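A short write-up of the structure that comes next.
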Number of protein chains: 2
Amino acid sequence: MVTLSSLESHSQKSNTMPTPLLTSSPRLRRTPFSRRVEAAGVTAYTVYNHMLLPTVFRSVAEDYSHLKSAVQLWDVSCERQVEITGPDARRLVQMTTPRDLAAMADDQCYYIPMVDDQGAMLNDPVLNKLAEDRYWVSLADSDMLYYYKGVASGFGLDVKVFEPDVSLLAVQGPKADALVGRVFGEAVVATGFFRHTTVPFQGRDLVIARSGWSHQGGFEIYMDGSDGGEALWDALFDAGADLDVRAGCPNGIERIEGGLLSFGNDITMDHTPFEAGLGKFCHLGRATECLGRDALLTMQDPTRQIRPLEIDGPEMPGVTQLWPLADQSGAPAGHVSSAAWSPDFQTNVALGMVHKDHWNAGATLLVETPVGSREVRVRDKFWI
Amino acid sequence: MVTLSSLESHSQKSNTMPTPLLTSSPRLRRTPFSRRVEAAGVTAYTVYNHMLLPTVFRSVAEDYSHLKSAVQLWDVSCERQVEITGPDARRLVQMTTPRDLAAMADDQCYYIPMVDDQGAMLNDPVLNKLAEDRYWVSLADSDMLYYYKGVASGFGLDVKVFEPDVSLLAVQGPKADALVGRVFGEAVVATGFFRHTTVPFQGRDLVIARSGWSHQGGFEIYMDGSDGGEALWDALFDAGADLDVRAGCPNGIERIEGGLLSFGNDITMDHTPFEAGLGKFCHLGRATECLGRDALLTMQDPTRQIRPLEIDGPEMPGVTQLWPLADQSGAPAGHVSSAAWSPDFQTNVALGMVHKDHWNAGATLLVETPVGSREVRVRDKFWI
């Protein structure tokens with residue numbers, strides 16, 4: 001019988017804690033790309049929006065080096081969409097975010113904090129505007145569909161709210177432009193950052209956005225219709241052989257280096273957008289329809305906020321529950337929510353929520369990890 | 001490196017498909033009992049309401065035999081609570097379910113289908129009434145907190161809606177009464193089915209209900225305050241040594257034998273309560289506040305419905321995605337959502353959604369499984 005301790009050698013390779021086994025069931029949905037992901041040698045998953053999300057192929061560190069040098073296909077189908085259509089579509093979206101949507105163009109993507117009427121974070125999706133009365137909300141890990149349904153019902157809005165059969169395949173890495181140009185044409189490569197375009201491909205229309213959960217550049221392909229998954233995957237693989245295209249996934253090292261937040265890890269419903277460092281997306285003067293606006297007006301001077309942190313010493317196991325931060329006197333000063341050894345920066349890169357008494361760059365704190373206490377330095381910016 | 005294929009021997013023992021590894025992170029929350037569960041030798045998890053839920057200790061079949069003969073402690077903290085308090089609390093709960101709550105007593109638990117305003121299933125929790133203006137909704141796997149927040153905001157209800165720090169520990173099995181009597185007193189054992197009582201224990205008040213996701217009898221302990229988890233676990237273990245108390249978990253064989261539905265597996269948002277066989281909980285004449293009532297009035301004669309199914313032949317791998325059902329002519333007839341080999345009944349017990357042309361007891365169908373086509377018989381009732 002496989003035991004957790006027998007898996008530790010794997011875990012150390014993949015830069016995580018002892019890794020338990022995951023029991024599969026239809027409740028943890030497979031994706032249009034799952035068979036290809038398995039054939040490509042996925043070694044671990046997480047569960048995200050009730051769906052399988054690959055986390056490791058060769059090892060987290062090997063996947064990281066490859067992501068930074070070549071091009072990867074990521075099965076991020078778990079970024080489930082909520083589609084909102086109808087005369088009140090824009091109003092419903094605006095009710096759930098403090099980011100002002102008035103100037104949003106029909107081909108634009110917005111990263112939006114989403115809040116409830118108390119100003120608590122509910123999600124941090126990418127909003128895609130498809131038309132004045134049609135939006136896709138590309139979700140982080142929470143059932144925002146339920147919130148939209150409740151709000152639409154309660155306010156009697158004239159909208160249709162549902163999960164479309166749309167699955168995301170991301171093409172990420174420095175050679176992503178080359179691969180996408182070959183397969184979809186140079187017009188797609190010309191798409192601006194956080195803009196999207198629509199191209200016919202294999203008998204369907206694909207929405208392709210210049211976006212993705214890495215800082216290596218690339219695209220997210222919104223595939224409408226699960227039956228096209230494997231043909232799309234194969235077309236990209238076939239065209240990218242000489243670019244060393246591989247199956248990959250959001251990388252736990254690279255995304256910390258780039259300061260990309262993970263809802264559920266770095267931000268939760270216990271936080272406000274200001275604590276999450278998303279104040280620049282809170283347009284409280286203009287976004288008057290946002291249900292959380294009045295609450296947010298009282299929250300603009302937070303007492304804690306997300307910071308990039310550098311943790312001393314050698315590589316550590318991954319964070320599986322928050323690591324407490326303390327100041328030099330031992331008083332609580334926040335927590336670390338994500339940490340990983342960076343091969344490129346030769347240090348432990350981390351993210352954490354830090355009390356304002358200690359959040360200035362250069363401040364030093366102590367963090368309690370499973371392998372003992374370590375010194376931490378607050379940085380002024382992320383690594384890349 | 002551990003690969004999926006190298007794990008197959010484990011999988012066959014535990015009656016599931018090849019079992020991937022699960023990457024841990026704070027987003028997949030640990031519970032107040034996680035350390036005890038790990039010390040007790042948990043070998044696999046699933047993720048449920050963003051939290052770890054153990055699925056296997058020794059093997060699914062060994063855990064099953066023990067559950068049916070002794071007593072187990074189940075860490076079902078993942079049945080997260082939504083607490084609803086305030087003058088409009090009862091109204092908000094009633095708006096989300098067609099089950100009439102008018103006669104519900106303050107010590108009662110109700111199994112309630114929850115629906116949106118289109119009559120689609122959103123969850124199938126156990127509702128605990130604590131007072132006329134205070135409820136706990138003990139959730140299956142979806143973020144109902146978000147739906148309640150949206151509805152409360154939209155209708156301007158005078159309620160507070162939040163997730164309390166309450167974690168469930170279930171005591172299940174034929175010896176559960178004996179163990180609970182020793183630890184909490186005979187008055188608790190006298191609690192009626194789907195009733196709850198409150199007892200002081202280790203410095204806090206525990207709500208204990210005669211309920212649980214098995215047909216073996218037992219209780220669910222609602223522990224208010226995460227810090228008490230290990231002391232509670234230890235007290236039950238210490239008192240039950242001669243009863244052969246063990247760590248366990250909801251069992252994939254036993255729950256099918258007993259016809260306990262799993263939201264996300266057997267029922268989803270694509271189904272109505274009538275399709276889920278929950279028509280007896282739809283009081284459409286009395287539950288006039290239910291937002292989905294008008295829609296449900298048109299849905300009372302479904303064309304498909306959940307049925308207990310017996311699948312011929314030897315043991316099969318577990319269901320990881322729906323298995324299609326066909327009639328003798330090859331025409332689609334529904335799907336199987338859950339299946340397991342039953343050691344006690346020496347057959348494959350299963351649950352599935354069956355078209356009305358074939359749902360009468362005795363009807364025979366064919367199911368497409370990963371190990372080939374098998375004959376299926378519709379049964380008139382579950383096994384226990």
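As shown in the structure tokens, the chain order sets the letters A, B, ...; within each chain, residues go from 1, and ligands are also counted from 1 in the order they appear.
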Checklist entry - So which bits of segment 235-283 of chain B end up helix (DSSP H, G or I) when you DSSP the backbone, as a list of chain:residue names? => result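 DSSP-assigned helix (DSSP H, G or I) residues in segment 235-283 of chain B: B:Ala235, B:Leu236, B:Phe237, B:Asp238, B:Ala239, B:Ala241, B:Asp242, B:Leu243, B:Glu254, B:Arg255, B:Ile256, B:Glu257, B:Gly279, B:Lys280, B:Phe281.
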How would the residues just chosen look if you wrote them out with all heavy atoms as a compact mmCIF listing (two decimals), in the first residue's frame?
# COMPACT_ATOMS: atom_id res chain seq x y z
N ALA B 235 -10.64 12.32 23.16
CA ALA B 235 -11.61 11.86 24.17
C ALA B 235 -12.43 10.70 23.61
O ALA B 235 -12.69 9.71 24.31
CB ALA B 235 -12.52 13.02 24.59
N LEU B 236 -12.83 10.81 22.36
CA LEU B 236 -13.63 9.75 21.74
C LEU B 236 -12.78 8.50 21.51
O LEU B 236 -13.24 7.38 21.73
CB LEU B 236 -14.25 10.25 20.44
CG LEU B 236 -15.43 11.21 20.66
CD1 LEU B 236 -15.67 12.11 19.45
CD2 LEU B 236 -16.71 10.42 20.98
N PHE B 237 -11.55 8.69 21.07
CA PHE B 237 -10.68 7.53 20.86
C PHE B 237 -10.37 6.83 22.18
O PHE B 237 -10.41 5.59 22.26
CB PHE B 237 -9.38 7.96 20.16
CG PHE B 237 -9.32 7.47 18.75
CD1 PHE B 237 -9.80 8.26 17.72
CD2 PHE B 237 -8.85 6.21 18.45
CE1 PHE B 237 -9.78 7.80 16.41
CE2 PHE B 237 -8.82 5.74 17.14
CZ PHE B 237 -9.29 6.53 16.12
N ASP B 238 -10.07 7.61 23.20
CA ASP B 238 -9.72 7.01 24.49
C ASP B 238 -10.88 6.19 25.06
O ASP B 238 -10.69 5.13 25.64
CB ASP B 238 -9.32 8.10 25.50
CG ASP B 238 -7.99 8.75 25.12
OD1 ASP B 238 -7.30 8.21 24.23
OD2 ASP B 238 -7.66 9.81 25.69
N ALA B 239 -12.09 6.72 24.89
CA ALA B 239 -13.26 6.05 25.47
C ALA B 239 -13.70 4.83 24.67
O ALA B 239 -14.46 4.00 25.17
CB ALA B 239 -14.42 7.05 25.57
N ALA B 241 -11.68 2.48 22.91
CA ALA B 241 -10.67 1.49 22.53
C ALA B 241 -11.27 0.08 22.45
O ALA B 241 -11.05 -0.64 21.48
CB ALA B 241 -9.51 1.53 23.53
N ASP B 242 -12.07 -0.31 23.44
CA ASP B 242 -12.63 -1.66 23.44
C ASP B 242 -13.79 -1.82 22.45
O ASP B 242 -14.27 -2.93 22.22
CB ASP B 242 -13.09 -2.04 24.85
CG ASP B 242 -14.21 -1.14 25.34
OD1 ASP B 242 -14.05 0.11 25.30
OD2 ASP B 242 -15.27 -1.67 25.73
N LEU B 243 -14.24 -0.71 21.86
CA LEU B 243 -15.27 -0.78 20.82
C LEU B 243 -14.61 -0.84 19.43
O LEU B 243 -15.31 -0.83 18.42
CB LEU B 243 -16.19 0.45 20.89
CG LEU B 243 -16.94 0.65 22.22
CD1 LEU B 243 -17.69 1.99 22.20
CD2 LEU B 243 -17.94 -0.50 22.44
N GLU B 254 -20.81 1.80 0.98
CA GLU B 254 -21.95 1.82 1.91
C GLU B 254 -22.97 2.88 1.53
O GLU B 254 -24.17 2.65 1.64
CB GLU B 254 -21.42 2.04 3.33
CG GLU B 254 -22.39 1.68 4.43
CD GLU B 254 -23.28 2.81 4.87
OE1 GLU B 254 -23.10 3.97 4.44
OE2 GLU B 254 -24.22 2.54 5.65
N ARG B 255 -22.49 4.02 1.06
CA ARG B 255 -23.44 5.10 0.79
C ARG B 255 -24.26 4.80 -0.47
O ARG B 255 -25.40 5.26 -0.59
CB ARG B 255 -22.73 6.45 0.74
CG ARG B 255 -21.87 6.69 -0.48
CD ARG B 255 -22.61 7.56 -1.47
NE ARG B 255 -21.80 7.77 -2.68
CZ ARG B 255 -22.31 8.25 -3.81
NH1 ARG B 255 -23.58 8.56 -3.90
NH2 ARG B 255 -21.55 8.40 -4.86
N ILE B 256 -23.70 4.05 -1.40
CA ILE B 256 -24.50 3.65 -2.57
C ILE B 256 -25.53 2.61 -2.13
O ILE B 256 -26.71 2.69 -2.50
CB ILE B 256 -23.62 3.10 -3.71
CG1 ILE B 256 -22.65 4.18 -4.21
CG2 ILE B 256 -24.48 2.57 -4.86
CD1 ILE B 256 -21.64 3.68 -5.24
N GLU B 257 -25.11 1.63 -1.35
CA GLU B 257 -26.05 0.63 -0.85
C GLU B 257 -27.25 1.30 -0.17
O GLU B 257 -28.39 0.83 -0.27
CB GLU B 257 -25.36 -0.29 0.18
CG GLU B 257 -24.30 -1.20 -0.40
CD GLU B 257 -23.58 -2.03 0.67
OE1 GLU B 257 -23.78 -1.76 1.88
OE2 GLU B 257 -22.83 -2.93 0.29
N GLY B 279 -38.70 14.71 -4.88
CA GLY B 279 -40.02 15.33 -4.99
C GLY B 279 -40.77 15.40 -3.67
O GLY B 279 -41.54 16.34 -3.44
N LYS B 280 -40.52 14.42 -2.79
CA LYS B 280 -41.25 14.42 -1.52
C LYS B 280 -40.86 15.61 -0.62
O LYS B 280 -41.57 15.92 0.33
CB LYS B 280 -41.03 13.11 -0.77
CG LYS B 280 -39.60 12.86 -0.34
CD LYS B 280 -39.44 11.48 0.32
CE LYS B 280 -37.97 11.14 0.50
NZ LYS B 280 -37.74 9.78 0.98
N PHE B 281 -39.76 16.26 -0.95
CA PHE B 281 -39.35 17.45 -0.19
C PHE B 281 -39.79 18.76 -0.87
O PHE B 281 -39.38 19.84 -0.46
CB PHE B 281 -37.84 17.47 0.02
CG PHE B 281 -37.32 16.26 0.77
CD1 PHE B 281 -36.46 15.37 0.16
CD2 PHE B 281 -37.72 16.02 2.08
CE1 PHE B 281 -35.99 14.25 0.84
CE2 PHE B 281 -37.26 14.90 2.77
CZ PHE B 281 -36.39 14.02 2.14
Item to check | Close residues, segment 63-72 of chain A itself excluded, 6 Å, only C-alpha atoms, min 3 positions apart in chain, as a count of residues only | outcome: 12
Next on the checklist: With only C-alpha atoms considered, list every residue of chain B at most 8 Å from chain A, as a ChimeraX atom specification.
Outcome noted: /B:1-4,7,9-10,16-17,19-30,41,43-47,55,116-117,142-144,146-155,263-265,318-322,337
If you keep C-alpha atoms, can you produce a file of those selected residues as a PDB file, in the first residue's frame?
ATOM      1  CA  MET B   1       9.607   9.820  -9.753  1.00  0.00           C
ATOM      2  CA  VAL B   2       6.138   8.606  -8.862  1.00  0.00           C
ATOM      3  CA  THR B   3       3.988   8.192 -11.953  1.00  0.00           C
ATOM      4  CA  LEU B   4       0.318   7.548 -12.234  1.00  0.00           C
ATOM      5  CA  LEU B   7       0.089   3.923  -8.360  1.00  0.00           C
ATOM      6  CA  SER B   9      -1.724  -1.281  -7.583  1.00  0.00           C
ATOM      7  CA  HIS B  10      -2.856   1.015  -4.801  1.00  0.00           C
ATOM      8  CA  THR B  16     -10.778   3.528  -7.486  1.00  0.00           C
ATOM      9  CA  MET B  17      -9.192   4.500 -10.779  1.00  0.00           C
ATOM     10  CA  THR B  19      -5.007   7.720  -8.235  1.00  0.00           C
ATOM     11  CA  PRO B  20      -3.047  10.898  -8.927  1.00  0.00           C
ATOM     12  CA  LEU B  21      -1.187  12.896  -6.298  1.00  0.00           C
ATOM     13  CA  LEU B  22      -2.736  15.936  -4.688  1.00  0.00           C
ATOM     14  CA  THR B  23      -0.603  19.061  -4.248  1.00  0.00           C
ATOM     15  CA  SER B  24      -1.371  20.675  -0.880  1.00  0.00           C
ATOM     16  CA  SER B  25      -1.777  24.411  -0.340  1.00  0.00           C
ATOM     17  CA  PRO B  26      -3.632  26.688   2.078  1.00  0.00           C
ATOM     18  CA  ARG B  27      -6.403  27.012  -0.537  1.00  0.00           C
ATOM     19  CA  LEU B  28      -7.254  23.345   0.169  1.00  0.00           C
ATOM     20  CA  ARG B  29      -7.898  23.935   3.829  1.00  0.00           C
ATOM     21  CA  ARG B  30      -6.809  21.555   6.534  1.00  0.00           C
ATOM     22  CA  GLY B  41      -2.943   6.632   8.464  1.00  0.00           C
ATOM     23  CA  THR B  43      -4.043   7.192   2.428  1.00  0.00           C
ATOM     24  CA  ALA B  44      -6.147   9.388   0.122  1.00  0.00           C
ATOM     25  CA  TYR B  45      -8.183  12.555   0.127  1.00  0.00           C
ATOM     26  CA  THR B  46     -10.699  14.323  -1.975  1.00  0.00           C
ATOM     27  CA  VAL B  47     -11.353  18.073  -1.951  1.00  0.00           C
ATOM     28  CA  THR B  55     -11.499   9.008   1.422  1.00  0.00           C
ATOM     29  CA  ASP B 116     -32.202  28.648  -7.790  1.00  0.00           C
ATOM     30  CA  ASP B 117     -35.062  30.637  -9.312  1.00  0.00           C
ATOM     31  CA  SER B 142     -20.743  24.177  -3.479  1.00  0.00           C
ATOM     32  CA  ASP B 143     -20.318  27.745  -2.221  1.00  0.00           C
ATOM     33  CA  MET B 144     -23.894  28.293  -1.028  1.00  0.00           C
ATOM     34  CA  TYR B 146     -22.202  33.079  -2.101  1.00  0.00           C
ATOM     35  CA  TYR B 147     -25.795  32.414  -3.127  1.00  0.00           C
ATOM     36  CA  TYR B 148     -27.122  33.437   0.272  1.00  0.00           C
ATOM     37  CA  LYS B 149     -25.013  36.608   0.202  1.00  0.00           C
ATOM     38  CA  GLY B 150     -26.330  37.520  -3.239  1.00  0.00           C
ATOM     39  CA  VAL B 151     -29.984  36.853  -2.415  1.00  0.00           C
ATOM     40  CA  ALA B 152     -29.780  38.645   0.954  1.00  0.00           C
ATOM     41  CA  SER B 153     -28.171  41.661  -0.688  1.00  0.00           C
ATOM     42  CA  GLY B 154     -30.597  41.755  -3.593  1.00  0.00           C
ATOM     43  CA  PHE B 155     -33.738  41.486  -1.502  1.00  0.00           C
ATOM     44  CA  PHE B 263     -24.019  16.427  -4.920  1.00  0.00           C
ATOM     45  CA  GLY B 264     -21.569  16.949  -7.775  1.00  0.00           C
ATOM     46  CA  ASN B 265     -21.592  13.248  -8.590  1.00  0.00           C
ATOM     47  CA  GLY B 318     -14.519   3.544  -9.820  1.00  0.00           C
ATOM     48  CA  VAL B 319     -16.431   6.103 -11.842  1.00  0.00           C
ATOM     49  CA  THR B 320     -14.300   9.146 -12.645  1.00  0.00           C
ATOM     50  CA  GLN B 321     -16.579  10.527 -15.307  1.00  0.00           C
ATOM     51  CA  LEU B 322     -20.172   9.606 -16.117  1.00  0.00           C
ATOM     52  CA  SER B 337     -22.681   8.442 -11.753  1.00  0.00           C
TER      53      SER B 337
END
Next on the checklist: Can you measure atom CA of Pro317 of chain A to atom CA of Val76 of chain B for me? One decimal in Å is fine.
Outcome noted: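 We find that atom CA of Pro317 of chain A and atom CA of Val76 of chain B lie 26.6 Å from each other.
Residues in contact range of Ala363 of chain A, defined as at most 6 Å between only C-alpha atoms, with sequence neighbours fewer than 2 positions away removed, read His358, Asn360, Ala361, Arg377 and Val378 of chain A.
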Write the residues you've just listed into a file as a tab-separated table (two decimals), in the first residue's frame, and include N, CA and C atoms for each of them.
chain	number	residue	atom	x	y	z
A	358	HIS	N	5.25	46.89	9.96
A	358	HIS	CA	6.43	46.17	9.46
A	358	HIS	C	6.46	46.06	7.94
A	360	ASN	N	7.18	48.16	5.51
A	360	ASN	CA	8.13	48.91	4.67
A	360	ASN	C	9.28	48.02	4.20
A	361	ALA	N	9.75	48.32	2.99
A	361	ALA	CA	10.85	47.54	2.43
A	361	ALA	C	12.05	47.58	3.36
A	377	ARG	N	12.83	39.14	5.04
A	377	ARG	CA	12.97	40.55	4.71
A	377	ARG	C	11.83	40.99	3.79
A	378	VAL	N	11.22	42.12	4.13
A	378	VAL	CA	10.20	42.71	3.27
A	378	VAL	C	10.89	43.39	2.10
Please identify all polymer residues within 9 Å of Trp233 of chain B, counting only C-alpha atoms, omitting same-chain residues fewer than 5 positions from it, and present them as a compact mmCIF listing (two decimals) with C-alpha atoms, in the first residue's frame.
# COMPACT_ATOMS: atom_id res chain seq x y z
CA PHE B 33 -8.68 17.07 12.94
CA ARG B 36 -5.09 13.14 13.95
CA LEU B 73 -14.76 8.91 13.68
CA LEU B 169 -16.87 15.25 13.49
CA GLY B 228 -10.82 22.01 20.37
CA ASP B 238 -9.72 7.01 24.49
Checklist entry - Neighbours of Glu310 of chain A within 12 Å (only C-alpha atoms; same-chain residues fewer than 2 positions away dropped), as number ranges by chain? => result A: 256-257, 307-308, 312-315, 336, 338-342, 345-352, 361-367, 374-383
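When only C-alpha atoms are used to compute distances to Thr298 of chain A, the closest of the residues A:Gly259, A:Gly252, A:Pro125, A:Gly119 turns out to be A:Gly119.
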Can you list, as a PDB file with C-alpha atoms, in the first residue's frame, all residues belonging to segment 164-243 of chain B that DSSP tags as strand (DSSP E)?
ATOM      1  CA  VAL B 166     -17.756  25.150  13.141  1.00  0.00           C
ATOM      2  CA  SER B 167     -16.322  21.786  12.107  1.00  0.00           C
ATOM      3  CA  LEU B 168     -18.143  18.472  11.989  1.00  0.00           C
ATOM      4  CA  LEU B 169     -16.874  15.252  13.490  1.00  0.00           C
ATOM      5  CA  ALA B 170     -19.169  12.321  12.713  1.00  0.00           C
ATOM      6  CA  VAL B 171     -19.410   9.221  14.912  1.00  0.00           C
ATOM      7  CA  GLN B 172     -20.837   6.477  12.693  1.00  0.00           C
ATOM      8  CA  HIS B 196     -30.036  17.826  17.866  1.00  0.00           C
ATOM      9  CA  THR B 197     -29.130  18.583  21.437  1.00  0.00           C
ATOM     10  CA  THR B 198     -26.491  20.790  23.051  1.00  0.00           C
ATOM     11  CA  VAL B 199     -24.081  19.522  25.689  1.00  0.00           C
ATOM     12  CA  PRO B 200     -21.246  21.234  27.544  1.00  0.00           C
ATOM     13  CA  PHE B 201     -17.930  19.444  26.918  1.00  0.00           C
ATOM     14  CA  ARG B 204     -17.530  24.595  25.129  1.00  0.00           C
ATOM     15  CA  ASP B 205     -21.087  23.830  24.029  1.00  0.00           C
ATOM     16  CA  LEU B 206     -21.295  21.098  21.402  1.00  0.00           C
ATOM     17  CA  VAL B 207     -24.346  20.713  19.205  1.00  0.00           C
ATOM     18  CA  ILE B 208     -24.781  16.978  18.585  1.00  0.00           C
ATOM     19  CA  ALA B 209     -27.255  15.701  16.009  1.00  0.00           C
ATOM     20  CA  GLY B 218     -24.651   7.619  14.671  1.00  0.00           C
ATOM     21  CA  PHE B 219     -24.145  11.279  15.318  1.00  0.00           C
ATOM     22  CA  GLU B 220     -22.609  14.431  13.927  1.00  0.00           C
ATOM     23  CA  ILE B 221     -20.849  16.713  16.391  1.00  0.00           C
ATOM     24  CA  TYR B 222     -20.807  20.399  15.471  1.00  0.00           C
ATOM     25  CA  MET B 223     -17.643  21.693  17.111  1.00  0.00           C
ATOM     26  CA  ASP B 224     -17.671  25.467  17.471  1.00  0.00           C
TER      27      ASP B 224
END
Checklist entry - So, counting only C-alpha atoms, which residue among A:Leu260, A:Ala140, A:Asn128, A:Gly229 is closest to His215 of chain A? => result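 The shortest atom-to-atom distance to His215 of chain A comes from A:Leu260.
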Item to check | Atomic distance atom CA of Gln108 of chain A - atom CA of Ala120 of chain A, expressed in Å with one decimal | outcome: 25.4 Å
Checklist entry - Residues at most 6 Å from segment 332-335 of chain B, counting only C-alpha atoms, excluding those fewer than 2 positions away in the same chain, as a ChimeraX atom specification? => result /B:323-327,352-355
Next on the checklist: Please determine, counting only C-alpha atoms, which residue among A:Ile112, A:Gly372, A:Pro343, A:Pro32 has the shortest atom-to-atom distance to Ala61 of chain A.
Outcome noted: A:Pro343
Please provide as a short mmCIF file (atom, residue, chain, number, x, y, z; two decimals) with all heavy atoms, in the first residue's frame all residues within 6 Å of segment 85-95 of chain A, with the sequence filter that same-chain residues fewer than 2 positions apart are discarded (counting only C-alpha atoms).
data_model
loop_
_atom_site.label_atom_id
_atom_site.label_comp_id
_atom_site.auth_asym_id
_atom_site.auth_seq_id
_atom_site.Cartn_x
_atom_site.Cartn_y
_atom_site.Cartn_z
N THR A 97 -18.04 44.56 -8.65
CA THR A 97 -16.63 44.99 -8.64
C THR A 97 -16.50 46.50 -8.49
O THR A 97 -17.32 47.25 -9.07
CB THR A 97 -15.88 44.55 -9.93
OG1 THR A 97 -14.52 44.99 -9.84
CG2 THR A 97 -16.50 45.14 -11.18
N ASP A 133 -23.59 43.80 -24.04
CA ASP A 133 -24.53 43.01 -23.25
C ASP A 133 -24.07 41.55 -23.11
O ASP A 133 -24.89 40.66 -22.89
CB ASP A 133 -25.92 43.05 -23.89
CG ASP A 133 -25.92 42.47 -25.30
OD1 ASP A 133 -24.82 42.14 -25.83
OD2 ASP A 133 -27.01 42.36 -25.89
N ARG A 134 -22.75 41.32 -23.19
CA ARG A 134 -22.27 39.93 -23.08
C ARG A 134 -20.84 39.90 -22.51
O ARG A 134 -19.93 40.52 -23.08
CB ARG A 134 -22.30 39.25 -24.45
CG ARG A 134 -21.90 37.79 -24.41
CD ARG A 134 -22.26 37.06 -25.69
NE ARG A 134 -21.86 35.66 -25.61
CZ ARG A 134 -20.99 35.06 -26.44
NH1 ARG A 134 -20.48 35.72 -27.46
NH2 ARG A 134 -20.67 33.79 -26.27
N LEU A 157 -32.89 41.45 -12.10
CA LEU A 157 -32.19 41.94 -13.29
C LEU A 157 -32.56 41.13 -14.53
O LEU A 157 -32.83 39.93 -14.45
CB LEU A 157 -30.66 41.86 -13.07
CG LEU A 157 -30.11 42.67 -11.90
CD1 LEU A 157 -28.59 42.57 -11.86
CD2 LEU A 157 -30.56 44.12 -11.97
N ASP A 158 -32.55 41.82 -15.66
CA ASP A 158 -32.87 41.19 -16.94
C ASP A 158 -31.58 40.64 -17.56
O ASP A 158 -30.98 41.26 -18.43
CB ASP A 158 -33.54 42.22 -17.86
CG ASP A 158 -34.07 41.58 -19.15
OD1 ASP A 158 -33.95 40.34 -19.29
OD2 ASP A 158 -34.59 42.32 -20.00
N VAL A 159 -31.14 39.49 -17.04
CA VAL A 159 -29.91 38.87 -17.50
C VAL A 159 -30.07 37.36 -17.54
O VAL A 159 -30.95 36.80 -16.87
CB VAL A 159 -28.70 39.16 -16.56
CG1 VAL A 159 -28.25 40.60 -16.64
CG2 VAL A 159 -29.04 38.77 -15.12
N LYS A 160 -29.21 36.73 -18.30
CA LYS A 160 -29.07 35.29 -18.25
C LYS A 160 -27.68 35.02 -17.69
O LYS A 160 -26.70 35.62 -18.16
CB LYS A 160 -29.22 34.71 -19.67
CG LYS A 160 -29.63 33.26 -19.70
CD LYS A 160 -29.91 32.79 -21.13
CE LYS A 160 -29.65 31.29 -21.22
NZ LYS A 160 -29.44 30.83 -22.58
N GLU A 289 -22.27 51.91 -8.70
CA GLU A 289 -23.21 50.77 -8.66
C GLU A 289 -22.67 49.58 -7.87
O GLU A 289 -23.42 48.67 -7.54
CB GLU A 289 -23.53 50.30 -10.08
CG GLU A 289 -24.41 51.27 -10.86
CD GLU A 289 -24.58 50.83 -12.31
OE1 GLU A 289 -23.57 50.65 -13.01
OE2 GLU A 289 -25.74 50.66 -12.73
N CYS A 290 -21.37 49.58 -7.58
CA CYS A 290 -20.77 48.45 -6.85
C CYS A 290 -21.41 48.31 -5.47
O CYS A 290 -21.43 49.26 -4.67
CB CYS A 290 -19.26 48.68 -6.72
SG CYS A 290 -18.45 47.47 -5.64
N LEU A 291 -21.94 47.12 -5.18
CA LEU A 291 -22.68 46.91 -3.92
C LEU A 291 -21.79 47.11 -2.69
O LEU A 291 -22.28 47.43 -1.62
CB LEU A 291 -23.26 45.49 -3.88
CG LEU A 291 -24.27 45.15 -4.98
CD1 LEU A 291 -24.71 43.69 -4.84
CD2 LEU A 291 -25.48 46.08 -4.91
#
